[in-house]
Amino acid sequence: MATKPTSAVAIYPGSFDPLTNGHLDLIERGGRLFGRLVVAILRNDTKQPLFSVEERMEMAREVVKDLDNVEVDCFDGLLVDYATARGATAILRGVRAISDYEYEWQMALMNRRLCPQIETVFLMAGEAHSFISSRLVKEVIRLGGNISGLVPSMVEAQLRARVAKPQAIRNVKSKNNPKDSQ
Ligand code: PNS
């Protein structure tokens, strides 16, 4: 039986609006590295989310239900305060491309300054997932594109329900018939 190299607790924070297959890949790999992994959804985000925190937690819980050492939670305020309260010694983040680097670098150094005891651990996104982002997935489904394979199937179903009518079709109709936009 494979033994875990550590019993450390790690926090995997993010918006997860919604959780993608890229996130899931990181959760599975992080779960193998740490004794316990907490997927922590930021509550006081300034972005306008598509799904409420409760909806995102419910979806994430369903997706990770078979991973014994992974739990889903939400947090407010400083990430390092939450991580300390949870007894975590690591923050897990994924890096997809160079474009992620500056943002991640700033956050990691700020978090280290705030709390030097907590290490940020980066995993490279799997090559099959390095182009996936929640933002692009939402854009593609809004415009009527195919998102299968980019998000877990239950997340895809929730997205379809939320974004019922592709915007592209609505816009074409509106142009052809001014009454559509009323
Ligand atoms: O997936 P995201 O949206 O890039 O995640 C960003 C997140 C949630 C990790 C980041 O916004 C965060 O940690 N927010 C909590 C506030 C905080 O601690 N800020 C100061 C340190 S950067």
# chains A, B, ... in the order shown; residues from 1 in each chain; ligands from 1

$ residues_near_ligand --ligand "ligand 1" --cutoff "10 Å" --atoms "only C-alpha atoms and all ligand atoms" --output "number ranges by chain"
A: 11-19, 23, 40-47, 74-83, 91-94, 100, 103-114, 133-134

$ select_by_dssp --residues "region 44-103 of chain A" --states "strand (DSSP E)" --output "MDAnalysis selection string"
chainID A and resid 70:75 90:95

$ closest_residue --among "A:Val140, A:Met57, A:Val151, A:Val9" --to "Ala90 (chain A)" --atoms "only C-alpha atoms"
A:Val9

$ residues_around --residues "Glu62 (chain A)" --least-positions-apart "2" --cutoff "10 Å" --atoms "only C-alpha atoms" --output "list of chain:residue names"
A:Arg56, A:Met57, A:Glu58, A:Met59, A:Ala60, A:Val64, A:Lys65, A:Asp66, A:Val72, A:Pro152, A:Met154, A:Val155

$ write_last_selection --atoms "N, CA and C atoms" --output "PDB file, in the first residue's frame"
ATOM      1  N   ARG A  56     -21.352  26.574  -5.436  1.00  0.00           N
ATOM      2  CA  ARG A  56     -20.013  26.098  -5.787  1.00  0.00           C
ATOM      3  C   ARG A  56     -19.533  25.019  -4.817  1.00  0.00           C
ATOM      4  N   MET A  57     -19.867  25.207  -3.532  1.00  0.00           N
ATOM      5  CA  MET A  57     -19.470  24.193  -2.543  1.00  0.00           C
ATOM      6  C   MET A  57     -20.185  22.880  -2.808  1.00  0.00           C
ATOM      7  N   GLU A  58     -21.462  22.970  -3.132  1.00  0.00           N
ATOM      8  CA  GLU A  58     -22.242  21.754  -3.372  1.00  0.00           C
ATOM      9  C   GLU A  58     -21.674  20.985  -4.578  1.00  0.00           C
ATOM     10  N   MET A  59     -21.369  21.734  -5.638  1.00  0.00           N
ATOM     11  CA  MET A  59     -20.801  21.081  -6.836  1.00  0.00           C
ATOM     12  C   MET A  59     -19.438  20.458  -6.510  1.00  0.00           C
ATOM     13  N   ALA A  60     -18.586  21.223  -5.807  1.00  0.00           N
ATOM     14  CA  ALA A  60     -17.238  20.730  -5.499  1.00  0.00           C
ATOM     15  C   ALA A  60     -17.334  19.478  -4.613  1.00  0.00           C
ATOM     16  N   VAL A  64     -15.725  15.747  -5.494  1.00  0.00           N
ATOM     17  CA  VAL A  64     -14.608  15.141  -4.735  1.00  0.00           C
ATOM     18  C   VAL A  64     -15.091  14.074  -3.743  1.00  0.00           C
ATOM     19  N   LYS A  65     -16.338  13.670  -3.873  1.00  0.00           N
ATOM     20  CA  LYS A  65     -16.910  12.805  -2.821  1.00  0.00           C
ATOM     21  C   LYS A  65     -16.162  11.478  -2.634  1.00  0.00           C
ATOM     22  N   ASP A  66     -15.464  11.006  -3.662  1.00  0.00           N
ATOM     23  CA  ASP A  66     -14.748   9.727  -3.521  1.00  0.00           C
ATOM     24  C   ASP A  66     -13.300   9.901  -3.051  1.00  0.00           C
ATOM     25  N   VAL A  72     -14.289  20.156   1.315  1.00  0.00           N
ATOM     26  CA  VAL A  72     -14.607  21.442   0.692  1.00  0.00           C
ATOM     27  C   VAL A  72     -15.136  22.368   1.774  1.00  0.00           C
ATOM     28  N   PRO A 152     -16.148  18.713 -14.921  1.00  0.00           N
ATOM     29  CA  PRO A 152     -16.829  17.459 -14.584  1.00  0.00           C
ATOM     30  C   PRO A 152     -18.266  17.488 -15.122  1.00  0.00           C
ATOM     31  N   MET A 154     -21.157  16.772 -13.973  1.00  0.00           N
ATOM     32  CA  MET A 154     -22.243  17.398 -13.190  1.00  0.00           C
ATOM     33  C   MET A 154     -22.127  18.930 -13.197  1.00  0.00           C
ATOM     34  N   VAL A 155     -20.911  19.428 -13.300  1.00  0.00           N
ATOM     35  CA  VAL A 155     -20.710  20.886 -13.402  1.00  0.00           C
ATOM     36  C   VAL A 155     -21.227  21.364 -14.759  1.00  0.00           C
TER      37      VAL A 155
END

$ closest_residue --among "A:Glu127, A:Glu119, A:Glu71, A:Glu55" --to "Arg36 (chain A)" --atoms "only C-alpha atoms"
A:Glu71

$ atom_distance --atom1 "CA of Ile132 (chain A)" --atom2 "CA of Arg96 (chain A)"
8.6 Å

$ closest_residue --among "A:Leu123, A:Pro116, A:Val95, A:Asp68" --to "Arg29 (chain A)" --atoms "only C-alpha atoms"
A:Leu123

$ atom_distance --atom1 "CA of Asp25 (chain A)" --atom2 "CA of Glu54 (chain A)"
21.9 Å

$ select_by_dssp --residues "region 27-153 of chain A" --states "alpha helix (DSSP H)" --output "PDB file with C-alpha atoms, in the first residue's frame"
ATOM      1  CA  ILE A  27      -7.063  18.280  -6.243  1.00  0.00           C
ATOM      2  CA  GLU A  28      -6.345  14.631  -7.067  1.00  0.00           C
ATOM      3  CA  ARG A  29      -2.598  15.223  -7.239  1.00  0.00           C
ATOM      4  CA  GLY A  30      -2.584  17.440  -4.133  1.00  0.00           C
ATOM      5  CA  GLY A  31      -4.582  14.824  -2.264  1.00  0.00           C
ATOM      6  CA  ARG A  32      -1.817  12.315  -2.981  1.00  0.00           C
ATOM      7  CA  LEU A  33       0.866  14.685  -1.666  1.00  0.00           C
ATOM      8  CA  VAL A  53     -20.614  30.120  -2.801  1.00  0.00           C
ATOM      9  CA  GLU A  54     -23.156  27.561  -1.582  1.00  0.00           C
ATOM     10  CA  GLU A  55     -23.748  26.311  -5.137  1.00  0.00           C
ATOM     11  CA  ARG A  56     -20.013  26.098  -5.787  1.00  0.00           C
ATOM     12  CA  MET A  57     -19.470  24.193  -2.543  1.00  0.00           C
ATOM     13  CA  GLU A  58     -22.242  21.754  -3.372  1.00  0.00           C
ATOM     14  CA  MET A  59     -20.801  21.081  -6.836  1.00  0.00           C
ATOM     15  CA  ALA A  60     -17.238  20.730  -5.499  1.00  0.00           C
ATOM     16  CA  ARG A  61     -18.395  18.337  -2.748  1.00  0.00           C
ATOM     17  CA  GLU A  62     -20.145  16.152  -5.284  1.00  0.00           C
ATOM     18  CA  VAL A  63     -17.073  16.083  -7.534  1.00  0.00           C
ATOM     19  CA  LEU A  79      -6.144  33.240   3.384  1.00  0.00           C
ATOM     20  CA  VAL A  80      -3.235  32.811   5.822  1.00  0.00           C
ATOM     21  CA  ASP A  81      -5.578  33.424   8.783  1.00  0.00           C
ATOM     22  CA  TYR A  82      -7.915  30.752   7.496  1.00  0.00           C
ATOM     23  CA  ALA A  83      -5.013  28.374   6.819  1.00  0.00           C
ATOM     24  CA  THR A  84      -3.640  28.938  10.341  1.00  0.00           C
ATOM     25  CA  ALA A  85      -7.070  28.337  11.877  1.00  0.00           C
ATOM     26  CA  ILE A  98       3.937  31.991 -17.727  1.00  0.00           C
ATOM     27  CA  SER A  99       0.991  34.412 -17.635  1.00  0.00           C
ATOM     28  CA  ASP A 100      -0.072  32.916 -14.281  1.00  0.00           C
ATOM     29  CA  TYR A 101       3.370  33.402 -12.817  1.00  0.00           C
ATOM     30  CA  GLU A 102       3.351  37.076 -11.827  1.00  0.00           C
ATOM     31  CA  TYR A 103      -0.001  36.903 -10.044  1.00  0.00           C
ATOM     32  CA  GLU A 104       0.966  33.694  -8.249  1.00  0.00           C
ATOM     33  CA  TRP A 105       4.413  35.053  -7.364  1.00  0.00           C
ATOM     34  CA  GLN A 106       2.878  38.188  -5.805  1.00  0.00           C
ATOM     35  CA  MET A 107       0.349  36.208  -3.787  1.00  0.00           C
ATOM     36  CA  ALA A 108       2.906  33.673  -2.598  1.00  0.00           C
ATOM     37  CA  LEU A 109       5.320  36.375  -1.430  1.00  0.00           C
ATOM     38  CA  MET A 110       2.570  38.407   0.250  1.00  0.00           C
ATOM     39  CA  ASN A 111       1.300  35.299   2.018  1.00  0.00           C
ATOM     40  CA  ARG A 112       4.836  34.415   3.092  1.00  0.00           C
ATOM     41  CA  ARG A 113       5.320  37.917   4.463  1.00  0.00           C
ATOM     42  CA  LEU A 114       2.052  37.673   6.365  1.00  0.00           C
ATOM     43  CA  SER A 134     -13.328  28.970 -15.342  1.00  0.00           C
ATOM     44  CA  ARG A 135     -13.599  32.300 -17.154  1.00  0.00           C
ATOM     45  CA  LEU A 136     -13.138  30.784 -20.625  1.00  0.00           C
ATOM     46  CA  VAL A 137     -15.438  27.851 -19.873  1.00  0.00           C
ATOM     47  CA  LYS A 138     -18.198  30.322 -18.934  1.00  0.00           C
ATOM     48  CA  GLU A 139     -17.553  32.393 -22.046  1.00  0.00           C
ATOM     49  CA  VAL A 140     -17.670  29.362 -24.343  1.00  0.00           C
ATOM     50  CA  ILE A 141     -20.894  27.981 -22.886  1.00  0.00           C
ATOM     51  CA  ARG A 142     -22.547  31.420 -22.934  1.00  0.00           C
ATOM     52  CA  SER A 153     -20.117  16.282 -16.145  1.00  0.00           C
TER      53      SER A 153
END

$ atom_distance --atom1 "CA of Gly126 (chain A)" --atom2 "CA of Leu26 (chain A)"
8.1 Å
